[in-house]
Amino acid sequence: MTGAARIRSAEVLVASPARNFVTLRVTTEDGVVGLGDATLNGRELAVAAYLRDHVAPLLVGRDAHRIEDVWQLLYRSAYWRRGPVTMSAVAAVDMALWDIKGRMAGMPVYQLLGGASRDGCLVYAHASGADLDDLGDSVRARLDEGYLAVRLQVAVPGMGGGYGVASSRASGGRYTYEPAKRAGLQIEEGWDSRRYLRFAPDLFSWAREEFGAEVMLLHDVHHRLTPIEAARLGRSLEPFDLFWLEDCTPAENQEAFRLIRQHTTTPLAVGEVLNSVWDFRTLIQEQLIDYVRASVTHAGGITHLKRLFEFAAQYQIKSGSHGPTDISPVGMAAALHLGLAIHNFGIQEHMAHHDLTHEVFHTSYRYADGYLHPGDAPGLGVEYNDDAARRFAYSPALLPAARLTDGTVHDW
Ligand code: KDG
Ligand code: MG
């Protein structure tokens with residue numbers, strides 16, 4: 001029997017290489033290091049404090065090998081269950097312990113999860129633009145990079161914007177969409193569902209004409225419609241064969257998807273703001289969705305997300321993990337190890353990180369021809385560069401709010 005790997009320390013690292021990240025570093029008495037991602041966009045310091053003040057003291061002296069036991073302890077003994085802050089903190093510990101176990105075993109984490117079920121993880125990239133010409137350039141750039149699946153977002157004419165439209169090009173000519181703004185005050189964006197509903201079918205009709213039938217096209221509504229509006233949108237997009245329509249209405253009320261499902265066969269993806277298997281119970285058991293969008297970073301780590309995906313698998317629902325730049329390279333690596341191992345993998349979101357982010361996080365995952373592979377380095381395959389991190393101090397940034405034309409606060 002392998003001996004215990006006692007935890008010597010659990011440090012919370014906060015740095016902002018192009019954007020804010022919270023990373024947990026767990027070190028055993030023998031000096032084995034494991035990393036976990038605890039980044040909760042716009043609420044980073046809440047998770048950092050939860051980890052530092054309430055979780056780290058519980059970890060010291062425990063056996064890092066007992067991943068399930070530690071998960072259950074953190075989940076059950078807090079008494080206060082679920083929620084994004086708690087589940088991101090639990091996730092970071094869980095990832096770090098899988099990382100340690102992999103490094104000690106000399107194996108990549110996907111091998112510990114049952115080994116590879118595929119050669120690589122299909123990923124989708126982001127394309128966006130201020131208008132269709134601009135969006136066309138962005139899609140062509142992604143296709144030139146070999147992506148087989150692309151998410152399309154464009155400003156809605158007459159609305160002066162829309163969800164998911166990049167405002168700047170980062171290094172390498174890439175458009176990166178970063179919604180959290182480093183401004184003192186929260187930015188407010190306008191929203192008009194009627195304009196959007198009229199425009200969305202034109203967008204996808206244009207896209208099919210321009211890029212053909214083969215490319216997989218995705219779209220994110222970002223929780224902005226009512227159930228009946230979402231049903232209408234799904235139906236109007238059916239001729240354009242979307243890979244998925246994401247977050248078409250807020251999903252706290254899981255039953256709302258019954259109505260949407262009755263009206264459309266457009267595949268539905270839900271769950272980037274949800275963090276527990278209980279948040280998906282009706283959605284999965286009644287087969288109201290096709291893809292589970294929860295992330296390893298916000299939904300309790302590899303241990304809990306694996307449980308959720310296996311539950312979904314019994315209902316022919318696949319994974320489609322959240323993976324924007326606010327999931328750190330540690331979270332992305334963990335998602336790829338899990339995605340490579342599970343049977344019901346669907347697709348992984350891949351919004352490439354800024355070059356500055358990679359100065360702090362050195363990764364072993366690699367992209368080629370529309371797929372990401374986690375690599376074969378032991379553990380998660382990510383190293384954290386403290387010297388580089390010291391150059392990037394935390395800088396508060398907030399997600400925007402949305403308001404309707406008459407000034408009413410809407411779902412952002
Ligand atoms: O922090 C908020 C982002 O993660 C979110 O707006 C990105 O919806 C998103 C997506 O699908 O990537
Ligand atoms: Mg989304």
# chains A, B, ... in the order shown; residues from 1 in each chain; ligands from 1
$ residues_near_ligand --ligand "ligand 2" --cutoff "7 Å" --atoms "only C-alpha atoms and all ligand atoms" --output "ChimeraX atom specification"
/A:220,222,246-247,272
$ residues_near_ligand --ligand "ligand 1" --cutoff "7 Å" --atoms "only C-alpha atoms and all ligand atoms" --output "list in words"
Asn41, Pro179, Ala180, Asp220, His222, His322, Gly323, Pro324, Asp326 and Leu399 of chain A
$ atom_distance --atom1 "atom CA of A:Ser16" --atom2 "atom CA of A:Leu356"
9.1 Å
$ closest_residue --among "A:Pro239, A:Arg62, A:Ser295, A:Leu398" --to "A:Ala38" --atoms "only C-alpha atoms"
A:Ser295
$ residues_around --residues "stretch 345-352 of chain A" --least-positions-apart "5" --cutoff "6 Å" --atoms "only C-alpha atoms" --output "list in words"
Leu122, Val123, Tyr124, Ala125, Lys318, Ser319, Gly320, Ser321, His322, Gly323, Pro324, Thr325 and Gly339 of chain A
$ residues_around --residues "stretch 44-57 of chain A" --least-positions-apart "6" --cutoff "9 Å" --atoms "only C-alpha atoms" --output "PyMOL selection string"
chain A and resi 9-14+20-24+26+38+74+84-86+88-90+92-93+396
$ closest_residue --among "A:Arg391, A:Gly83, A:Ile260, A:Phe311" --to "A:Val273" --atoms "only C-alpha atoms"
A:Gly83
$ closest_residue --among "A:Glu255, A:Glu310, A:Asp369, A:Asp69" --to "A:Ile289" --atoms "only C-alpha atoms"
A:Glu255
$ select_by_dssp --residues "stretch 145-304 of chain A" --states "helix (DSSP H, G or I)" --output "NGL selection string"
:A and (171-173 or 193-211 or 227-240 or 256-263 or 277-285 or 301-304)
$ residues_around --residues "A:Asp94" --least-positions-apart "5" --cutoff "8 Å" --atoms "only C-alpha atoms" --output "PDB file with all heavy atoms, in the first residue's frame"
ATOM      1  N   GLY A  36      -4.606  23.967  -8.575  1.00  0.00           N
ATOM      2  CA  GLY A  36      -6.045  23.966  -8.851  1.00  0.00           C
ATOM      3  C   GLY A  36      -6.489  25.358  -9.253  1.00  0.00           C
ATOM      4  O   GLY A  36      -5.950  26.355  -8.765  1.00  0.00           O
ATOM      5  N   ILE A  67      -8.673  11.756  -2.238  1.00  0.00           N
ATOM      6  CA  ILE A  67      -9.387  12.811  -2.983  1.00  0.00           C
ATOM      7  C   ILE A  67     -10.887  12.783  -2.684  1.00  0.00           C
ATOM      8  O   ILE A  67     -11.500  13.809  -2.400  1.00  0.00           O
ATOM      9  CB  ILE A  67      -9.137  12.651  -4.501  1.00  0.00           C
ATOM     10  CG1 ILE A  67      -7.638  12.764  -4.810  1.00  0.00           C
ATOM     11  CG2 ILE A  67      -9.920  13.700  -5.280  1.00  0.00           C
ATOM     12  CD1 ILE A  67      -7.282  12.524  -6.271  1.00  0.00           C
ATOM     13  N   VAL A  70     -11.615  13.942   0.922  1.00  0.00           N
ATOM     14  CA  VAL A  70     -11.455  15.394   1.102  1.00  0.00           C
ATOM     15  C   VAL A  70     -12.628  16.125   0.438  1.00  0.00           C
ATOM     16  O   VAL A  70     -13.181  17.083   0.992  1.00  0.00           O
ATOM     17  CB  VAL A  70     -10.093  15.877   0.535  1.00  0.00           C
ATOM     18  CG1 VAL A  70     -10.020  17.405   0.497  1.00  0.00           C
ATOM     19  CG2 VAL A  70      -8.943  15.313   1.369  1.00  0.00           C
ATOM     20  N   TRP A  71     -13.035  15.645  -0.748  1.00  0.00           N
ATOM     21  CA  TRP A  71     -14.171  16.286  -1.439  1.00  0.00           C
ATOM     22  C   TRP A  71     -15.420  16.247  -0.550  1.00  0.00           C
ATOM     23  O   TRP A  71     -16.082  17.263  -0.333  1.00  0.00           O
ATOM     24  CB  TRP A  71     -14.450  15.576  -2.785  1.00  0.00           C
ATOM     25  CG  TRP A  71     -15.324  16.412  -3.676  1.00  0.00           C
ATOM     26  CD1 TRP A  71     -14.923  17.242  -4.670  1.00  0.00           C
ATOM     27  CD2 TRP A  71     -16.767  16.527  -3.600  1.00  0.00           C
ATOM     28  NE1 TRP A  71     -16.011  17.880  -5.228  1.00  0.00           N
ATOM     29  CE2 TRP A  71     -17.152  17.470  -4.593  1.00  0.00           C
ATOM     30  CE3 TRP A  71     -17.757  15.964  -2.809  1.00  0.00           C
ATOM     31  CZ2 TRP A  71     -18.484  17.832  -4.816  1.00  0.00           C
ATOM     32  CZ3 TRP A  71     -19.095  16.339  -3.018  1.00  0.00           C
ATOM     33  CH2 TRP A  71     -19.444  17.251  -4.017  1.00  0.00           C
ATOM     34  N   GLY A 300     -17.125  22.031  -8.682  1.00  0.00           N
ATOM     35  CA  GLY A 300     -16.603  21.031  -7.751  1.00  0.00           C
ATOM     36  C   GLY A 300     -15.456  20.174  -8.246  1.00  0.00           C
ATOM     37  O   GLY A 300     -15.164  19.139  -7.645  1.00  0.00           O
ATOM     38  N   GLY A 301     -14.815  20.586  -9.347  1.00  0.00           N
ATOM     39  CA  GLY A 301     -13.603  19.895  -9.781  1.00  0.00           C
ATOM     40  C   GLY A 301     -13.863  18.638 -10.601  1.00  0.00           C
ATOM     41  O   GLY A 301     -14.984  18.362 -11.019  1.00  0.00           O
ATOM     42  N   ILE A 302     -12.794  17.903 -10.820  1.00  0.00           N
ATOM     43  CA  ILE A 302     -12.854  16.693 -11.649  1.00  0.00           C
ATOM     44  C   ILE A 302     -13.816  15.678 -11.021  1.00  0.00           C
ATOM     45  O   ILE A 302     -14.643  15.069 -11.705  1.00  0.00           O
ATOM     46  CB  ILE A 302     -11.432  16.090 -11.799  1.00  0.00           C
ATOM     47  CG1 ILE A 302     -10.554  17.032 -12.637  1.00  0.00           C
ATOM     48  CG2 ILE A 302     -11.486  14.690 -12.398  1.00  0.00           C
ATOM     49  CD1 ILE A 302      -9.085  16.648 -12.678  1.00  0.00           C
ATOM     50  N   THR A 303     -13.739  15.519  -9.709  1.00  0.00           N
ATOM     51  CA  THR A 303     -14.541  14.510  -9.011  1.00  0.00           C
ATOM     52  C   THR A 303     -16.037  14.743  -9.215  1.00  0.00           C
ATOM     53  O   THR A 303     -16.785  13.818  -9.553  1.00  0.00           O
ATOM     54  CB  THR A 303     -14.188  14.533  -7.503  1.00  0.00           C
ATOM     55  OG1 THR A 303     -12.808  14.155  -7.378  1.00  0.00           O
ATOM     56  CG2 THR A 303     -15.049  13.590  -6.691  1.00  0.00           C
TER      57      THR A 303
END
$ residues_around --residues "A:Val277" --least-positions-apart "4" --cutoff "9 Å" --atoms "only C-alpha atoms" --output "mmCIF file with C-alpha atoms, in the first residue's frame"
data_model
loop_
_atom_site.group_PDB
_atom_site.id
_atom_site.type_symbol
_atom_site.label_atom_id
_atom_site.label_comp_id
_atom_site.auth_asym_id
_atom_site.auth_seq_id
_atom_site.Cartn_x
_atom_site.Cartn_y
_atom_site.Cartn_z
ATOM 1 C CA ARG A 281 -31.518 16.911 -12.244
ATOM 2 C CA ALA A 299 -18.665 22.738 -10.398
ATOM 3 C CA HIS A 304 -17.930 16.236 -9.149
ATOM 4 C CA LEU A 305 -17.968 17.002 -12.873
ATOM 5 C CA ARG A 307 -20.236 12.361 -11.524
ATOM 6 C CA LEU A 308 -22.393 14.881 -13.391
ATOM 7 C CA PHE A 309 -21.217 13.739 -16.834
ATOM 8 C CA PHE A 311 -25.308 10.883 -14.786
#
$ decode --residues "stretch 55-70 of chain A" --atoms "all heavy atoms" --output "compact mmCIF listing (two decimals), in the first residue's frame"
# COMPACT_ATOMS: atom_id res chain seq x y z
N VAL A 55 -10.60 26.94 4.11
CA VAL A 55 -10.29 25.62 3.54
C VAL A 55 -8.83 25.22 3.79
O VAL A 55 -8.56 24.11 4.27
CB VAL A 55 -10.62 25.59 2.03
CG1 VAL A 55 -10.17 24.28 1.40
CG2 VAL A 55 -12.11 25.80 1.81
N ALA A 56 -7.90 26.14 3.53
CA ALA A 56 -6.47 25.80 3.68
C ALA A 56 -6.15 25.23 5.08
O ALA A 56 -5.46 24.19 5.18
CB ALA A 56 -5.60 27.00 3.36
N PRO A 57 -6.67 25.83 6.17
CA PRO A 57 -6.34 25.28 7.49
C PRO A 57 -6.83 23.85 7.69
O PRO A 57 -6.25 23.08 8.45
CB PRO A 57 -7.05 26.24 8.47
CG PRO A 57 -7.31 27.49 7.68
CD PRO A 57 -7.48 27.06 6.26
N LEU A 58 -7.91 23.49 6.97
CA LEU A 58 -8.44 22.12 7.08
C LEU A 58 -7.58 21.10 6.35
O LEU A 58 -7.65 19.91 6.61
CB LEU A 58 -9.85 22.05 6.47
CG LEU A 58 -11.00 22.67 7.22
CD1 LEU A 58 -12.26 22.62 6.37
CD2 LEU A 58 -11.22 21.91 8.53
N LEU A 59 -6.81 21.59 5.37
CA LEU A 59 -6.08 20.65 4.51
C LEU A 59 -4.74 20.21 5.11
O LEU A 59 -4.30 19.08 4.90
CB LEU A 59 -5.80 21.30 3.15
CG LEU A 59 -7.01 21.59 2.27
CD1 LEU A 59 -6.58 22.26 0.98
CD2 LEU A 59 -7.79 20.31 1.96
N VAL A 60 -4.11 21.11 5.85
CA VAL A 60 -2.76 20.82 6.34
C VAL A 60 -2.76 19.56 7.22
O VAL A 60 -3.60 19.43 8.12
CB VAL A 60 -2.20 22.05 7.11
CG1 VAL A 60 -0.84 21.73 7.73
CG2 VAL A 60 -2.08 23.24 6.15
N GLY A 61 -1.86 18.65 6.89
CA GLY A 61 -1.74 17.39 7.65
C GLY A 61 -2.55 16.25 7.07
O GLY A 61 -2.36 15.09 7.43
N ARG A 62 -3.49 16.56 6.18
CA ARG A 62 -4.31 15.49 5.57
C ARG A 62 -3.55 14.74 4.48
O ARG A 62 -2.61 15.27 3.90
CB ARG A 62 -5.58 16.08 4.94
CG ARG A 62 -6.73 16.06 5.85
CD ARG A 62 -7.94 16.72 5.29
NE ARG A 62 -8.54 17.45 6.37
CZ ARG A 62 -9.15 16.87 7.40
NH1 ARG A 62 -9.29 15.55 7.45
NH2 ARG A 62 -9.63 17.59 8.39
N ASP A 63 -4.04 13.55 4.16
CA ASP A 63 -3.41 12.73 3.12
C ASP A 63 -3.95 13.19 1.75
O ASP A 63 -5.15 13.05 1.46
CB ASP A 63 -3.76 11.25 3.37
CG ASP A 63 -3.12 10.33 2.36
OD1 ASP A 63 -2.40 10.82 1.47
OD2 ASP A 63 -3.33 9.10 2.48
N ALA A 64 -3.05 13.71 0.90
CA ALA A 64 -3.44 14.22 -0.41
C ALA A 64 -4.01 13.12 -1.32
O ALA A 64 -4.70 13.41 -2.29
CB ALA A 64 -2.24 14.87 -1.09
N HIS A 65 -3.72 11.86 -1.01
CA HIS A 65 -4.24 10.76 -1.84
C HIS A 65 -5.74 10.56 -1.69
O HIS A 65 -6.38 9.99 -2.55
CB HIS A 65 -3.54 9.45 -1.46
CG HIS A 65 -2.18 9.34 -2.08
ND1 HIS A 65 -1.95 9.54 -3.42
CD2 HIS A 65 -0.97 9.02 -1.54
CE1 HIS A 65 -0.67 9.37 -3.68
NE2 HIS A 65 -0.06 9.06 -2.55
N ARG A 66 -6.31 11.04 -0.58
CA ARG A 66 -7.72 10.72 -0.29
C ARG A 66 -8.65 11.76 -0.91
O ARG A 66 -9.34 12.52 -0.22
CB ARG A 66 -7.91 10.59 1.24
CG ARG A 66 -7.08 9.40 1.78
CD ARG A 66 -7.23 9.24 3.26
NE ARG A 66 -8.61 8.98 3.66
CZ ARG A 66 -8.99 8.71 4.91
NH1 ARG A 66 -8.07 8.64 5.86
NH2 ARG A 66 -10.25 8.49 5.19
N ILE A 67 -8.67 11.76 -2.24
CA ILE A 67 -9.39 12.81 -2.98
C ILE A 67 -10.89 12.78 -2.68
O ILE A 67 -11.50 13.81 -2.40
CB ILE A 67 -9.14 12.65 -4.50
CG1 ILE A 67 -7.64 12.76 -4.81
CG2 ILE A 67 -9.92 13.70 -5.28
CD1 ILE A 67 -7.28 12.52 -6.27
N GLU A 68 -11.50 11.62 -2.74
CA GLU A 68 -12.94 11.52 -2.51
C GLU A 68 -13.29 11.94 -1.08
O GLU A 68 -14.24 12.68 -0.84
CB GLU A 68 -13.41 10.07 -2.79
CG GLU A 68 -14.89 9.83 -2.58
CD GLU A 68 -15.77 10.54 -3.61
OE1 GLU A 68 -15.31 10.77 -4.75
OE2 GLU A 68 -16.92 10.87 -3.27
N ASP A 69 -12.48 11.49 -0.15
CA ASP A 69 -12.73 11.80 1.27
C ASP A 69 -12.64 13.31 1.51
O ASP A 69 -13.49 13.89 2.19
CB ASP A 69 -11.71 11.04 2.13
CG ASP A 69 -11.95 11.26 3.61
OD1 ASP A 69 -13.02 10.84 4.09
OD2 ASP A 69 -11.09 11.88 4.26
N VAL A 70 -11.61 13.94 0.92
CA VAL A 70 -11.46 15.39 1.10
C VAL A 70 -12.63 16.12 0.44
O VAL A 70 -13.18 17.08 0.99
CB VAL A 70 -10.09 15.88 0.53
CG1 VAL A 70 -10.02 17.40 0.50
CG2 VAL A 70 -8.94 15.31 1.37
